[in-house]
Every structure is written in structure tokens, then in C-alpha cells.
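Source file: start_30.txt. Holds: compact mmCIF, C-alpha atoms.
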```txt
# COMPACT_ATOMS: atom_id res chain seq x y z
CA GLY A 20 0.27 -0.49 0.89
CA SER A 21 0.05 -2.03 4.38
CA THR A 22 -3.12 -3.83 5.41
CA CYS A 23 -5.76 -3.35 8.11
CA LEU A 24 -6.90 -7.00 7.90
CA VAL A 25 -5.23 -10.23 9.09
CA ARG A 26 -6.20 -13.88 9.32
CA ALA A 27 -4.62 -16.13 11.96
CA GLY A 28 -6.07 -19.60 11.38
CA ASP A 29 -9.78 -19.22 12.05
CA ARG A 30 -9.33 -15.76 13.60
CA VAL A 31 -9.96 -12.62 11.52
CA LEU A 32 -9.08 -9.18 12.88
CA VAL A 33 -9.27 -5.66 11.47
CA THR A 34 -8.36 -2.16 12.53
CA GLY A 35 -10.87 0.58 11.91
CA LEU A 36 -10.63 4.36 11.99
CA GLU A 37 -13.22 6.55 13.72
CA THR A 38 -13.73 10.30 13.79
CA ILE A 39 -13.69 11.74 17.32
CA PRO A 40 -16.70 14.01 17.92
CA ARG A 41 -15.78 17.70 18.15
CA ALA A 42 -12.05 16.99 17.76
CA LYS A 43 -10.14 19.39 15.54
CA PRO A 44 -8.43 18.10 12.36
CA LEU A 45 -5.92 16.98 11.40
CA ASN A 46 -5.56 14.67 14.40
CA ASN A 47 -9.25 14.04 14.92
CA CYS A 48 -9.36 10.23 14.63
CA ARG A 49 -8.70 7.14 16.74
CA TRP A 50 -8.11 3.52 15.82
CA ALA A 51 -9.87 0.43 17.10
CA LEU A 52 -9.08 -3.29 16.90
CA LEU A 53 -11.94 -5.69 16.20
CA GLU A 54 -12.20 -9.47 15.89
CA ARG A 55 -14.78 -11.47 13.96
CA LYS A 56 -16.68 -13.75 16.33
CA ALA A 57 -19.57 -16.18 15.79
CA GLY A 58 -22.01 -13.47 16.83
CA GLY A 59 -20.43 -10.63 14.85
CA TRP A 60 -17.59 -8.16 15.35
CA GLN A 61 -16.22 -7.74 18.86
CA ARG A 62 -14.19 -4.69 19.85
CA ILE A 63 -10.88 -5.81 21.37
CA HIS A 64 -9.30 -2.40 21.93
CA GLU A 65 -10.20 1.25 21.41
CA ASP A 66 -7.34 3.71 21.38
CA ARG A 67 -7.44 6.70 23.74
CA GLY A 68 -5.16 8.96 21.74
CA ARG A 69 -5.65 11.08 18.64
CA THR A 70 -4.23 10.38 15.19
CA ARG A 71 -4.73 11.20 11.52
CA GLU A 72 -4.15 7.98 9.58
CA PRO A 73 -5.32 4.36 9.69
CA SER A 74 -3.28 1.89 11.74
CA PRO A 75 -1.64 -1.02 9.86
CA LEU A 76 -2.14 -4.50 11.28
CA ALA A 77 -0.01 -7.69 11.29
CA VAL A 78 0.15 -11.09 12.97
CA PHE A 79 2.89 -13.54 13.98
CA ASP A 80 2.67 -17.34 13.87
CA GLY A 81 1.25 -18.27 17.25
CA GLY A 82 -1.39 -15.56 17.12
CA LYS A 83 0.29 -12.44 18.50
CA VAL A 84 -1.31 -9.41 16.79
CA ILE A 85 0.69 -6.26 15.99
CA VAL A 86 -0.74 -2.77 15.41
CA SER A 87 1.26 0.25 14.24
CA ALA A 88 -0.03 3.50 15.75
CA ASN A 89 1.09 7.10 15.33
CA PRO A 90 -0.55 9.23 18.05
CA THR A 91 -0.02 12.96 18.06
CA VAL A 92 1.69 14.69 20.97
CA ALA A 93 0.46 18.10 19.80
CA GLU A 94 -2.07 20.13 21.78
CA PRO A 95 -5.76 19.39 21.06
CA ASP A 96 -6.31 22.75 19.33
CA ALA A 97 -3.20 22.46 17.11
CA TYR A 98 -3.76 21.85 13.40
CA SER A 99 -0.66 19.66 13.14
CA GLY A 100 2.47 18.79 15.07
CA ARG A 101 4.78 16.07 16.29
CA SER A 102 3.78 12.44 16.73
CA GLN A 103 5.16 9.50 18.71
CA PRO A 104 5.11 6.17 16.79
CA GLU A 105 4.04 3.12 18.79
CA ILE A 106 3.73 -0.63 18.37
CA TRP A 107 0.87 -2.39 20.15
CA GLU A 108 1.02 -6.15 20.76
CA PHE A 109 -2.08 -8.18 21.58
CA SER A 110 -2.01 -11.74 22.87
CA SER A 111 -4.48 -14.35 21.71
CA GLU A 112 -6.52 -13.42 24.80
CA GLY A 113 -6.71 -9.81 23.64
CA VAL A 114 -4.36 -8.32 26.26
CA GLY A 115 -2.52 -5.34 24.78
CA LYS A 116 0.99 -4.03 25.47
CA ARG A 117 2.45 -0.81 24.06
CA THR A 118 6.10 -0.30 23.10
CA ARG A 119 7.98 2.36 21.17
CA PRO A 120 10.40 1.66 18.32
CA ARG A 121 14.03 2.63 18.68
CA TRP A 122 15.08 4.86 15.79
CA GLN A 123 18.37 6.26 14.57
CA GLY A 124 18.57 9.49 16.54
CA SER A 125 15.38 11.43 17.33
CA PRO A 126 13.39 11.85 14.10
CA ASP A 127 10.85 14.67 13.92
CA PHE A 128 7.78 12.60 13.07
CA THR A 129 4.40 14.20 12.33
CA GLU A 130 0.85 13.06 11.68
CA HIS A 131 1.70 12.63 7.95
CA SER A 132 3.50 9.32 8.46
CA TYR A 133 2.93 7.40 5.20
CA ARG A 134 4.24 4.49 7.26
CA SER A 135 4.65 0.84 6.39
CA LEU A 136 4.47 -2.21 8.65
CA ALA A 137 5.84 -5.54 7.36
CA VAL A 138 6.39 -8.74 9.33
CA ASP A 139 7.93 -12.15 8.92
CA GLY A 140 5.12 -14.21 10.43
CA PRO A 141 7.05 -17.48 10.95
CA GLY A 142 10.19 -15.63 12.11
CA GLY A 143 8.40 -13.30 14.53
CA GLU A 144 10.27 -10.23 13.22
CA LEU A 145 9.00 -6.88 12.01
CA MET A 146 10.02 -3.85 9.99
CA LEU A 147 8.57 -0.35 10.40
CA LEU A 148 9.17 2.55 8.01
CA GLN A 149 7.92 6.10 8.48
CA ASN A 150 8.44 9.08 6.18
CA ILE A 151 10.21 12.27 7.19
CA GLY A 152 9.34 15.18 4.91
CA TYR A 153 10.39 14.75 1.30
CA ALA A 154 13.93 13.39 1.69
CA HIS A 155 13.74 9.92 3.23
CA ALA A 156 12.00 7.35 5.41
CA GLU A 157 13.26 6.32 8.82
CA TRP A 158 13.24 2.57 9.39
CA ALA A 159 13.56 0.29 12.41
CA PHE A 160 13.91 -3.51 12.55
CA ARG A 161 12.83 -5.66 15.52
CA ASP A 162 14.21 -9.19 15.82
CA THR A 163 12.61 -12.37 17.10
CA ARG A 164 13.67 -11.54 20.69
CA GLY A 165 11.72 -8.29 20.56
CA GLU A 166 14.88 -6.16 20.37
CA TRP A 167 15.18 -3.19 18.00
CA THR A 168 18.56 -4.24 16.64
CA ALA A 169 18.88 -2.18 13.44
CA GLN A 170 17.85 1.31 12.36
CA GLY A 171 18.58 3.62 9.47
CA GLN A 172 17.31 5.88 6.72
CA LEU A 173 15.99 4.97 3.29
CA ARG A 174 16.93 7.94 1.08
CA TRP A 175 14.60 8.62 -1.84
CA PRO A 176 15.80 8.39 -5.46
CA GLN A 177 16.88 11.64 -7.07
CA GLY A 178 14.93 13.29 -9.88
CA ALA A 179 18.04 14.69 -11.53
CA GLU A 180 16.15 15.60 -14.72
CA TYR A 181 13.77 17.94 -12.91
CA SER A 182 14.42 21.66 -12.80
CA PRO A 183 15.55 22.12 -10.14
CA PRO A 184 16.59 18.52 -9.26
CA ARG A 185 14.80 17.10 -6.22
CA PRO A 186 14.20 13.84 -4.35
CA VAL A 187 11.32 11.72 -5.58
CA ARG A 188 9.43 11.06 -2.36
CA LEU A 189 7.91 7.56 -2.35
CA CYS A 190 4.56 6.86 -0.71
CA TYR A 191 1.96 4.11 -0.35
CA PRO A 192 4.61 1.39 -0.65
CA ASN A 193 4.23 -2.35 -0.52
CA VAL A 194 6.91 -3.74 1.81
CA ALA A 195 7.76 -7.39 2.47
CA LEU A 196 10.06 -8.94 5.10
CA ARG A 197 11.23 -12.55 4.72
CA ASP A 198 14.25 -14.14 6.42
CA ARG A 199 15.51 -10.60 7.12
CA ALA A 200 15.44 -9.67 3.44
CA VAL A 201 13.33 -6.53 2.88
CA HIS A 202 11.65 -5.61 -0.42
CA PHE A 203 10.19 -2.13 -1.02
CA LEU A 204 7.94 -1.04 -3.92
CA GLY A 205 6.78 2.60 -3.84
CA VAL A 206 5.38 5.26 -6.15
CA GLY A 207 6.65 8.82 -6.49
CA ASP A 208 4.41 11.36 -4.73
CA ILE A 209 5.68 14.86 -5.48
CA ILE A 210 4.36 18.27 -6.45
CA GLU A 211 3.92 18.60 -10.23
CA PRO A 212 7.49 19.14 -11.50
CA ASN A 213 6.47 20.55 -14.91
CA GLU A 214 5.70 24.24 -14.42
CA ASP A 215 3.73 24.58 -17.68
CA TRP A 216 1.50 21.64 -16.77
CA ARG A 217 1.08 22.90 -13.24
CA ARG A 218 -0.03 26.35 -14.39
CA HIS A 219 -2.49 24.84 -16.85
CA LYS A 220 -4.04 22.58 -14.21
CA HIS A 221 -4.31 25.53 -11.83
CA GLU A 222 -6.21 27.46 -14.52
CA LEU A 223 -8.65 24.56 -14.81
CA THR A 224 -9.13 23.72 -11.14
CA GLY A 225 -8.01 26.78 -9.15
CA ARG A 226 -6.41 24.32 -6.73
CA GLU A 227 -2.93 24.84 -5.33
CA TRP A 228 -2.62 21.24 -4.14
CA ASP A 229 -1.18 19.26 -7.05
CA TYR A 230 0.68 16.03 -6.32
CA VAL A 231 1.47 13.51 -9.06
CA PHE A 232 2.23 9.76 -9.05
CA ARG A 233 4.20 8.84 -12.18
CA ARG A 234 7.28 6.80 -11.24
CA LEU A 235 7.51 3.36 -9.65
CA TYR A 236 10.67 2.33 -7.78
CA TYR A 237 11.95 -0.85 -6.16
CA SER A 238 14.77 -1.41 -3.67
CA TRP A 239 15.80 -4.22 -1.34
CA SER A 240 18.20 -5.40 1.32
CA ASP A 241 19.33 -9.02 1.50
CA ASP A 242 19.70 -8.75 5.30
CA ILE A 243 18.32 -5.63 6.92
CA SER A 244 20.09 -6.44 10.20
CA GLY A 245 23.45 -5.71 8.61
CA GLU A 246 23.19 -4.70 4.94
CA PRO A 247 21.96 -1.39 3.49
CA PHE A 248 19.22 -0.95 0.93
CA ARG A 249 20.51 -1.39 -2.63
CA PRO A 250 20.37 1.34 -5.33
CA TRP A 251 16.92 2.13 -6.66
CA ILE A 252 15.53 0.40 -9.74
CA GLU A 253 12.93 2.35 -11.70
CA ILE A 254 10.25 -0.17 -12.69
CA ALA A 255 7.87 2.15 -14.57
CA ASN A 256 7.71 5.81 -15.65
CA ARG A 257 4.78 7.83 -17.01
CA GLU A 258 6.38 11.30 -17.00
CA GLU A 259 6.25 11.88 -20.76
CA THR A 260 2.47 12.22 -20.98
CA ALA A 261 1.66 13.03 -17.32
CA GLY A 262 0.21 9.62 -16.62
CA SER A 263 -0.21 7.95 -13.24
CA ILE A 264 0.92 4.79 -11.45
CA LEU A 265 -0.25 3.00 -8.31
CA ALA A 266 1.68 0.21 -6.55
CA ASN A 267 -0.82 -2.61 -5.91
CA ASP A 268 1.06 -5.50 -4.29
CA LEU A 269 4.38 -7.26 -3.75
CA MET A 270 4.97 -10.97 -3.15
CA VAL A 271 8.27 -12.71 -2.36
CA ASP A 272 8.56 -16.38 -3.33
CA ALA A 273 10.69 -19.15 -1.83
CA GLU A 274 13.54 -18.39 -4.26
CA GLY A 275 13.71 -14.75 -3.14
CA LYS A 276 12.12 -13.38 -6.31
CA ALA A 277 9.96 -10.30 -5.84
CA HIS A 278 6.71 -10.34 -7.81
CA LEU A 279 5.36 -6.83 -8.42
CA LEU A 280 1.85 -5.72 -9.31
CA TRP A 281 0.80 -2.19 -10.28
CA THR A 282 -1.65 -0.17 -12.37
CA GLU A 283 -0.81 2.47 -14.96
CA ARG A 284 -2.69 5.21 -16.76
CA ALA A 285 -0.95 6.56 -19.85
CA LEU A 286 -1.85 10.25 -19.67
CA ASP A 287 -3.63 13.07 -17.85
CA GLY A 288 -6.64 13.87 -20.01
CA ARG A 289 -6.73 17.49 -18.82
CA LEU A 290 -3.37 18.15 -20.49
CA ARG A 291 -3.86 16.11 -23.63
CA GLU A 292 -5.32 18.62 -26.07
CA ARG A 293 -2.77 21.32 -25.34
CA PHE A 294 0.45 19.40 -24.70
CA PHE A 295 0.29 15.96 -26.36
CA PRO A 296 -2.75 15.75 -28.68
CA GLU A 297 -1.39 12.70 -30.55
CA ALA A 298 -1.02 10.54 -27.45
CA GLU A 299 -3.51 7.76 -26.82
CA GLN A 300 -5.05 6.86 -23.50
CA SER A 301 -4.66 3.40 -22.00
CA GLU A 302 -5.16 1.86 -18.57
CA SER A 303 -3.43 -1.34 -17.59
CA LEU A 304 -2.57 -3.83 -14.87
CA ARG A 305 1.15 -4.65 -14.99
CA TYR A 306 3.28 -7.44 -13.55
CA ALA A 307 7.04 -7.87 -13.12
CA VAL A 308 9.53 -10.17 -11.42
CA VAL A 309 12.79 -8.87 -9.92
CA GLN A 310 15.68 -10.78 -8.33
CA ASN A 311 19.06 -9.51 -7.17
CA GLY A 312 18.51 -6.19 -8.86
CA LYS A 313 17.65 -7.69 -12.25
CA LEU A 314 14.29 -7.31 -13.96
CA LEU A 315 13.58 -10.90 -15.01
CA ARG A 316 10.14 -10.40 -16.52
CA GLN A 317 7.61 -7.65 -17.20
CA ARG A 318 4.27 -7.89 -18.94
CA THR A 319 0.79 -6.40 -19.20
CA LEU A 320 -1.90 -8.58 -17.64
CA ILE A 321 -4.98 -6.53 -18.57
CA GLU A 322 -5.24 -3.40 -20.74
CA SER A 323 -7.99 -1.09 -21.96
CA THR A 324 -7.21 1.28 -24.83
CA GLU A 325 -9.14 3.74 -26.94
CA GLN A 326 -8.99 1.34 -29.88
CA SER A 327 -9.91 -1.67 -27.75
CA PRO A 328 -11.81 -0.56 -24.64
CA GLY A 329 -12.46 -3.12 -21.94
CA PRO A 330 -12.27 -3.72 -18.20
CA ILE A 331 -10.15 -1.23 -16.27
CA VAL A 332 -8.49 -2.53 -13.11
CA SER A 333 -8.91 -0.12 -10.20
CA LEU A 334 -6.84 -2.20 -7.76
CA ALA A 335 -5.38 -5.72 -7.67
CA ARG A 336 -3.79 -7.89 -4.97
CA PHE A 337 -2.10 -11.29 -4.85
CA HIS A 338 -3.77 -14.17 -3.01
CA LEU A 339 -1.72 -17.27 -2.12
CA THR A 340 -3.13 -20.72 -1.35
CA PRO A 341 -1.66 -23.52 0.80
CA GLY A 342 -0.78 -25.52 -2.31
CA GLY A 343 1.40 -22.73 -3.69
CA ARG A 344 -1.04 -21.42 -6.30
CA VAL A 345 -1.15 -17.67 -6.88
CA PHE A 346 -4.30 -15.75 -7.70
CA VAL A 347 -4.93 -12.10 -8.49
CA VAL A 348 -8.05 -10.57 -6.99
CA MET A 349 -9.11 -7.20 -8.42
CA HIS A 350 -11.81 -4.61 -8.87
CA VAL A 351 -12.75 -3.66 -12.43
CA ARG A 352 -14.66 -0.74 -13.90
CA GLY A 353 -15.10 0.56 -17.46
CA THR A 354 -17.21 -1.29 -20.01
CA GLU A 355 -17.39 -4.81 -21.44
CA LYS A 356 -19.76 -5.90 -24.22
CA GLY A 357 -21.67 -2.65 -23.76
CA LYS A 358 -22.14 -3.19 -20.03
CA GLU A 359 -20.91 -0.78 -17.34
CA LEU A 360 -18.65 -2.60 -14.91
CA ASN A 361 -18.38 -2.35 -11.13
CA GLU A 362 -17.31 -5.72 -9.81
CA ASN A 363 -14.61 -7.78 -8.14
CA ARG A 364 -12.93 -10.56 -10.10
CA ILE A 365 -10.35 -13.27 -9.48
CA ALA A 366 -8.01 -15.17 -11.80
CA GLU A 367 -5.05 -17.49 -11.39
CA LEU A 368 -1.56 -16.27 -12.28
CA LYS A 369 0.21 -19.00 -14.24
CA ASN A 370 2.93 -19.71 -16.79
CA GLY A 371 5.17 -16.79 -15.93
CA GLY A 372 2.53 -14.09 -16.03
CA LEU A 373 -0.77 -15.12 -17.63
CA LEU A 374 -4.16 -14.68 -15.97
CA GLN A 375 -6.33 -17.76 -16.44
CA GLY A 376 -9.84 -18.74 -15.39
CA MET A 377 -11.10 -15.21 -14.76
CA GLN A 378 -14.29 -15.26 -12.67
CA ARG A 379 -16.60 -12.66 -11.21
CA VAL A 380 -16.82 -12.55 -7.42
CA PRO A 381 -20.58 -12.32 -6.82
CA LEU A 382 -20.81 -9.42 -4.37
CA ARG A 383 -23.93 -7.31 -3.94
CA HIS A 384 -21.70 -4.40 -2.91
CA PRO A 385 -18.34 -4.65 -4.74
CA ILE A 386 -15.27 -3.21 -3.02
CA ALA A 387 -13.01 -1.08 -5.22
CA ASN A 388 -10.36 -0.15 -2.63
CA PHE A 389 -9.76 -3.24 -0.53
CA PHE A 390 -7.31 -4.87 1.85
CA THR A 391 -6.52 -8.58 1.89
CA ALA A 392 -5.00 -10.93 4.48
CA THR A 393 -1.51 -10.78 2.97
CA PRO A 394 1.67 -12.69 3.89
CA ARG A 395 3.36 -9.26 4.03
CA ALA A 396 1.42 -8.83 7.27
CA GLY A 397 2.00 -12.37 8.50
CA SER A 398 -1.21 -14.02 7.29
CA SER A 399 -0.59 -17.55 5.99
CA PRO A 400 -1.66 -18.77 2.53
CA SER A 401 -5.30 -19.78 2.75
CA PRO A 402 -8.17 -21.25 0.70
CA ILE A 403 -10.24 -18.38 2.14
CA LEU A 404 -10.10 -14.98 0.46
CA ASP A 405 -10.74 -12.12 2.90
CA LEU A 406 -11.57 -8.61 1.63
CA PHE A 407 -11.99 -5.47 3.76
CA GLY A 408 -12.84 -1.98 2.53
CA PRO A 409 -15.59 0.54 1.66
CA PRO A 410 -18.39 -1.26 -0.24
CA SER A 411 -19.99 0.57 -3.14
CA GLY A 412 -23.35 2.14 -2.38
CA LYS A 413 -22.77 2.22 1.39
CA PRO A 414 -21.13 5.52 2.40
CA ASN A 415 -19.17 5.92 5.64
CA THR A 416 -18.94 2.13 5.94
CA LEU A 417 -16.22 -0.50 5.97
CA GLY A 418 -17.32 -3.94 4.82
CA TYR A 419 -15.86 -7.43 5.26
CA VAL A 420 -16.20 -10.36 2.87
CA SER A 421 -15.06 -13.97 3.41
CA ILE A 422 -14.98 -16.23 0.33
CA ARG A 423 -13.95 -19.90 0.29
CA LEU A 424 -12.23 -20.85 -2.95
CA ALA A 425 -13.43 -24.35 -3.81
CA GLY A 426 -10.89 -27.14 -4.24
CA LEU A 427 -7.95 -25.28 -2.70
CA GLU A 428 -7.82 -26.84 0.75
CA GLU A 429 -4.67 -28.87 -0.01
```
I'd like the structure from this file rewritten - as C-alpha cells, please.
Amino acid sequence: GSTCLVRAGDRVLVTGLETIPRAKPLNNCRWALLERKAGGWQRIHEDRGRTREPSPLAVFDGGKVIVSANPTVAEPDAYSGRSQPEIWEFSSEGVGKRTRPRWQGSPDFTEHSYRSLAVDGPGGELMLLQNIGYAHAEWAFRDTRGEWTAQGQLRWPQGAEYSPPRPVRLCYPNVALRDRAVHFLGVGDIIEPNEDWRRHKHELTGREWDYVFRRLYYSWSDDISGEPFRPWIEIANREETAGSILANDLMVDAEGKAHLLWTERALDGRLRERFFPEAEQSESLRYAVVQNGKLLRQRTLIESTEQSPGPIVSLARFHLTPGGRVFVVMHVRGTEKGKELNENRIAELKNGGLLQGMQRVPLRHPIANFFTATPRAGSSPSPILDLFGPPSGKPNTLGYVSIRLAGLEE
């Protein structure tokens, strides 16, 4: 849910992840910071430690670049072990400085961080969350002076209807920080809670690893420096037919409304014939608006069903322009008019939740799983759309695309 791409005026920076030769997994990677120059990409920093996951990136107004890192402190031959979260700050000249967040107590972090980095670009403040096991996330807030002035735990919602009851761990969240208000949108990531379904899937796959993503939750704090997170709101649930959900993006407007974007799949086709043969498959892009704990609006933006098949959205993100217009950029697959789809598209979000003026983004190598330069990471609204991710047809590669949207320079 965090990004590895930021735009600061004319500057574009990314963090990449590289495999260390002969290093033993899980901590066999290192991160690097790169900047787009006139002559191509220039490496600003290459980390010397070892890690498992990509490193989220953010930027403050004025150009200071922030990188969240999670280096292991385990021995080189250890499969897993403890980690030590870090924040790296890079000046506009590329000089880096490392600091460590101040947490509540001494959390036992590991290489499985599922962490989130969110910043208030104009305010120069940041929020870091990092998961601990299956019960909660630790969080730390740093103010405009660079002081870690608030810490705490975000406890996961309870799946009371499961047998036995258990926390619903949330992962891959979209997190936004604005004027010290924090908004969190995350999807449940737990081991299959239905024993009959789990046994059946094991018979089909022989795989013990079986995590499911079926419930979407939202929480917020009006002022993270002094107010706790509010009770969880369940935005979507696909438990009944073993469907799936993915949080796509979160945008906070000037009125404090949180705009939510996610994808849903109605059912797990492997279980359909045996457990719910009458259910129908559908795949959709959904949109909702929440304010002060109230769901103000929810609607389907794009849907493909068995009766009416069409484009299927793999992933979608918001893109904001300087004039206050909101676009949705996406990747679509499936079929349309008998044609197999693999392309990026963009449309404007208007009139309370309608996509208008849908256009194809003419890429030779479309990007299905992409980052954007989002305000959640401090990037300002821009007439330029930046995409970063693995392009189709080019394995082991991360690609960058810069697209100027005509007529949006106001």
C-alpha cells in the first residue's frame, strides 16, 4: 500500500530491491535509491545491510526524501530473526542520514514487517506502522521538529464469528496522514478460517500455506499526537463465498473525507462446485467515501460478471491534478468485444463516483502492479502521471513511465 516512487517538482526518485549474490533467504536483499536524471537513472544510495522487503519512499515539501528500511540483525546464515527499523533522510544534494524510530517499549520486529510509511508533505511529519505477529501493528509518529512524540499499538479487529475467535490481521494497507489525522485502510490476511474449505484446498494443491484476503477494514484518528484510533469499520466482506479483496488506494480531501478504492472477487472458483454451486462469479472495482466514522457513499465503478463479462480491474490508484480534479488510473485484463485485454487505462472520477472519459494509456509494456507518486507519500498533485512497476513481457525488471495529461497544467 505504500509507494516506492515519489515526485518532488521536476525530481523523480524510486527505491529498488536487489538480490544479494550468494546471500541466504529470507534476508537476501538490499534496497537502493535512484533519481531520474537527464541522462538516465543515477544511483543515490545503495544500502549495506540485508533485508527481505521493499523499502517505502516519501518526500517532504522542500525536497527532503524519506526511506523506510528494515534491516535484519540476525546472523547471515539464519533463515529469519529480529530486525531493526530505520528511517533514512536524504537532502536535495543526496546526503543521507539514518535515524531509528522511537517505539512504545521494545517491540520484537522481524523481517516480515508489512510496514506502512505515510507523510504529510506540507507539514513535514510522518507516520510509520509495522506489524507484530497476528495481533497488532506498532506505530510511531514524528512531528515537524523531527521528534518522535507519539507511539502506540493498533490492535486488529476481532473475528468473533470464527471458530475459535481470532484477530483479523490486516496487511498491505493504504495509510494517509494529513494535519495529524491518520486514515488506515487494510485487508484481512489470515489463515483460512473455514476448516472444510481449507481441507478441500489442501486436497487440490497439497500446499499447507493458505492465507485468505476477504475483509476490508477502515479506522482513523483525528489527531494521532493525542487521540487513539477509532473502532474499526468493516467496509466490505466476501466471507460467504470465499471471495477476495484488495485495498487499492486511499485519498483524503480538504474536508477530511476519506475516499477508498478497492477490488473484489465474489468467490473462490476452486470451492464453487462443492460448497456454493449456485453462486455467480463477479469481479469489480469499488469506491466509497467515509467521514467521521460514517459511510457516506459506496458504489461499483466497474464490474465484470458471468452474464455480462467485460474488463477486469487488476489494480487502480487515484491521481490528483493541481486544479483539484481526480482521476483513476488502472490496469485491466479480461475481454472486451472479443479482444483479450492487457492494458492501462485512465478515467476521471466525477459526480460523486462516476468514471468518465475512459482512455487507454498507450504503453508497449503495460504495468499491472504499479506504484504512483501519491500525496500519501508527500508527492504534490501534478499534471504528470508517474507509474513504476514490473512491465509485462520483461521479467526481472522494474519499469518507469512518465505521462503528461494534456490540459491539466492549471
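Picture a line from atom CA of Ser333 of chain A to atom CA of Pro402 of chain A; it runs 23.8 Å.
For Pro120 of chain A, the set of protein, DNA and RNA residues having any atom at most 8 Å away, when counting all atoms listed in the file and skipping those fewer than 6 positions along the same chain, is A:Pro104, A:Glu105, A:Ile106, A:Ala159, A:Trp167.
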Contact residues around Ala266 of chain A with all atoms listed in the file at 7 Å, ignoring same-chain residues under 4 positions, as a ChimeraX atom specification: /A:192,204-206,280-282
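Between atom CA of Cys48 of chain A and atom CA of Ser102 of chain A there is a distance of 13.5 Å.
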Non-local contacts of Gln170 of chain A (12 Å; only C-alpha atoms; under 2 positions in same chain excluded) as an MDAnalysis selection string: chainID A and resid 120:126 146:149 156:162 166:168 172:173 243:248
Kindly export the residues of the current selection with C-alpha atoms, as a PDB file, keeping the file's coordinate frame.
```pdb
ATOM      1  CA  PRO A 120      10.400   1.660  18.320  1.00  0.00           C
ATOM      2  CA  ARG A 121      14.030   2.630  18.680  1.00  0.00           C
ATOM      3  CA  TRP A 122      15.080   4.860  15.790  1.00  0.00           C
ATOM      4  CA  GLN A 123      18.370   6.260  14.570  1.00  0.00           C
ATOM      5  CA  GLY A 124      18.570   9.490  16.540  1.00  0.00           C
ATOM      6  CA  SER A 125      15.380  11.430  17.330  1.00  0.00           C
ATOM      7  CA  PRO A 126      13.390  11.850  14.100  1.00  0.00           C
ATOM      8  CA  MET A 146      10.020  -3.850   9.990  1.00  0.00           C
ATOM      9  CA  LEU A 147       8.570  -0.350  10.400  1.00  0.00           C
ATOM     10  CA  LEU A 148       9.170   2.550   8.010  1.00  0.00           C
ATOM     11  CA  GLN A 149       7.920   6.100   8.480  1.00  0.00           C
ATOM     12  CA  ALA A 156      12.000   7.350   5.410  1.00  0.00           C
ATOM     13  CA  GLU A 157      13.260   6.320   8.820  1.00  0.00           C
ATOM     14  CA  TRP A 158      13.240   2.570   9.390  1.00  0.00           C
ATOM     15  CA  ALA A 159      13.560   0.290  12.410  1.00  0.00           C
ATOM     16  CA  PHE A 160      13.910  -3.510  12.550  1.00  0.00           C
ATOM     17  CA  ARG A 161      12.830  -5.660  15.520  1.00  0.00           C
ATOM     18  CA  ASP A 162      14.210  -9.190  15.820  1.00  0.00           C
ATOM     19  CA  GLU A 166      14.880  -6.160  20.370  1.00  0.00           C
ATOM     20  CA  TRP A 167      15.180  -3.190  18.000  1.00  0.00           C
ATOM     21  CA  THR A 168      18.560  -4.240  16.640  1.00  0.00           C
ATOM     22  CA  GLN A 172      17.310   5.880   6.720  1.00  0.00           C
ATOM     23  CA  LEU A 173      15.990   4.970   3.290  1.00  0.00           C
ATOM     24  CA  ILE A 243      18.320  -5.630   6.920  1.00  0.00           C
ATOM     25  CA  SER A 244      20.090  -6.440  10.200  1.00  0.00           C
ATOM     26  CA  GLY A 245      23.450  -5.710   8.610  1.00  0.00           C
ATOM     27  CA  GLU A 246      23.190  -4.700   4.940  1.00  0.00           C
ATOM     28  CA  PRO A 247      21.960  -1.390   3.490  1.00  0.00           C
ATOM     29  CA  PHE A 248      19.220  -0.950   0.930  1.00  0.00           C
TER      30      PHE A 248
END
```
Assuming 4 Å of padding per side, give the centre and edge lengths of the axis-aligned box around every listed atom of segment 74-91 of chain A, in Å to one decimal and as lines of an AutoDock Vina configuration file.
```
center_x = -0.2
center_y = -2.7
center_z = 14.2
size_x = 14.2
size_y = 39.2
size_z = 16.6
```
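Among the candidates A:Phe337, A:Tyr191, A:Tyr153, A:Trp175, the one nearest to Glu253 of chain A when counting all atoms listed in the file is A:Trp175.
Nearest residue to Ser21 of chain A, choosing from A:Ile264, A:Met377, A:Leu269, A:Leu223 and counting only C-alpha atoms: A:Leu269.
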Non-local contacts of segment 283-289 of chain A (9 Å; only C-alpha atoms; under 4 positions in same chain excluded) as a PyMOL selection string: chain A and resi 219-220+223+233+255+257-265+293+298-305
Straight-line distance linking atom CA of Gly143 of chain A with atom CA of Arg395 of chain A, stated in Å to one decimal: 12.3 Å
Spatial neighbours of Val194 of chain A, 12 Å, only C-alpha atoms, chain gap at least 5 places, as a VMD selection string: chain A and resid 20 to 22 134 to 139 145 to 149 158 200 to 205 236 to 240 266 to 271 277 to 279 393 to 397
Of the listed residues A:Thr224, A:Gln326, A:Asn46, A:Thr319, that which approaches Tyr98 of chain A most closely, counting only C-alpha atoms: A:Asn46
Expected answer as a count of residues only: all residues with atoms within 12 Å of (-6.6, -15.7, -14.9), all atoms listed in the file: 25
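For the residues A:Leu53, A:Ala93, A:Ala154, A:Ile331, ranking by smallest atom-to-atom distance to Thr70 of chain A using all atoms listed in the file places A:Ala93 first.
For the choices A:Arg316, A:Arg423, A:Lys276, A:Lys356, the atom-to-atom distance to Ala195 of chain A is smallest for A:Lys276 when using only C-alpha atoms.
Closest approach to Pro183 of chain A among A:Pro212, A:Gly165, A:Pro330, A:Gly343: A:Pro212, based on only C-alpha atoms.
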Test item: which residues lie within 10 Å of (-18.8, -12.6, 5.0) counting only C-alpha atoms, as a VMD selection string: chain A and resid 55 405 to 407 418 to 423
